[in-house]
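Visitor: This is the structure I have questions about; it appears just below.
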Amino acid sequence: MSLTQRVDEELIQARRDRNQPALRALGLLKTEIVRASKDPGGGGSGDDVVLRLVRREVKRREEAAQAYDAANRAESAAGEREEAEVLRAYLPPDMDAGELEREVKAVIEELGAGSPRDLGRVMQSARGRLQGRAEPGDIAQVARRLLGS
């Protein structure tokens, strides 16, 4: 089952259960999926696009929760965190630090990279290889450290 189908089914179930955080989160996610599928440059509606949208929405919820916390609005922050948890269920588990480092080392060895100038090539290859399993920022941090920059 594709992620789009899973979102549809869980949205229906959230309506039946009257689960408000899930309804809000999945409703907005469904809107973003439809918008991306209609956008000529959006990349379609495959699982990789859905994963990208889920990551973006989770990040938005986390940032909103932090802003609510800063404004002493704990109830609103809790709502944003609940929605983020609903969306996180669609993400694959992140790689642990050791596994990420091993994968980036393997990319560096395959490319024969040895200096900070090779960071661009390493990042391009590593992003493709680790797409959906690690955040680009985490990949870049490990690559910079391993390349000595």
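Ordering of the structure tokens sets the chain letters (A, B, ...), residue numbers begin anew at 1 in every chain, and ligands are numbered from 1 in the order given.
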Can you tell me, as a list in words, what residues are no more than 12 Å from Gln131 in chain A when counting only C-alpha atoms, ignoring any on the same chain fewer than 5 positions away?
Guide: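 Skipping anything fewer than 5 positions along the chain leaves Asp47, Asp48, Val49, Leu51, Arg52, Arg55, Leu91, Pro92, Asp94, Met95, Leu100, Glu103, Met123, Gln124, Ser125, Ala126, Pro136, Gly137, Asp138 and Ile139 of chain A.
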Visitor: When DSSP is applied to the backbone of this structure, which of chain A are assigned helix (DSSP H, G or I)? Write them out as an NGL selection string.
Guide: :A and (3-17 or 20-38 or 47-70 or 74-88 or 97-111 or 116-130 or 136-147)
Visitor: Between A:Arg6, A:Lys30, A:Arg60, A:Lys105, which has the minimum distance to Ala77 in chain A (counting only C-alpha atoms)?
Guide: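 Among A:Arg6, A:Lys30, A:Arg60, A:Lys105, it is A:Arg60 that comes nearest to Ala77 in chain A.
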Visitor: Tell me which protein, DNA and RNA residues are within 12 Å of Gly114 in chain A, counting only C-alpha atoms, leaving out same-chain ones fewer than 6 positions away, and put them as number ranges by chain.
Guide: A: 105, 107-108, 121-122, 143-149
Visitor: Measuring atom to atom with only C-alpha atoms, identify which of A:Met1, A:Val54, A:Ala64, A:Val104 is nearest to Gly79 in chain A.
Guide: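 Of all the options, A:Ala64 lies closest to Gly79 in chain A.
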Visitor: Please determine, counting only C-alpha atoms, which residue among A:Val50, A:Leu23, A:Ala71, A:Leu29 has the shortest atom-to-atom distance to Leu3 in chain A.
Guide: A:Val50
Visitor: How close does each residue of range 44-130 of chain A get to range 15-19 of chain A, giving the shortest atom pair and distance in Å to one decimal for every residue with an atom at most 12 Å away, counting only C-alpha atoms, sorted by chain and residue number, as JSON lines?
Guide:
```
{"residue": "A:Gly79", "atom": "CA", "partner": "A:Asn19", "partner_atom": "CA", "distance": 12.0}
{"residue": "A:Glu82", "atom": "CA", "partner": "A:Asn19", "partner_atom": "CA", "distance": 10.8}
{"residue": "A:Glu83", "atom": "CA", "partner": "A:Asn19", "partner_atom": "CA", "distance": 10.6}
{"residue": "A:Val86", "atom": "CA", "partner": "A:Asn19", "partner_atom": "CA", "distance": 10.6}
```
Visitor: Which one of A:Arg61, A:Gln141, A:Ala67, A:Ser115 sits closest to Pro21 in chain A if you count only C-alpha atoms?
Guide: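 Of all the options, A:Arg61 lies closest to Pro21 in chain A.
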Visitor: Which of these residues is nearest to Ile33 in chain A, using only C-alpha atoms: A:Glu85, A:Asp8, A:Glu63, A:Glu109?
Guide: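 The shortest atom-to-atom distance to Ile33 in chain A comes from A:Asp8.
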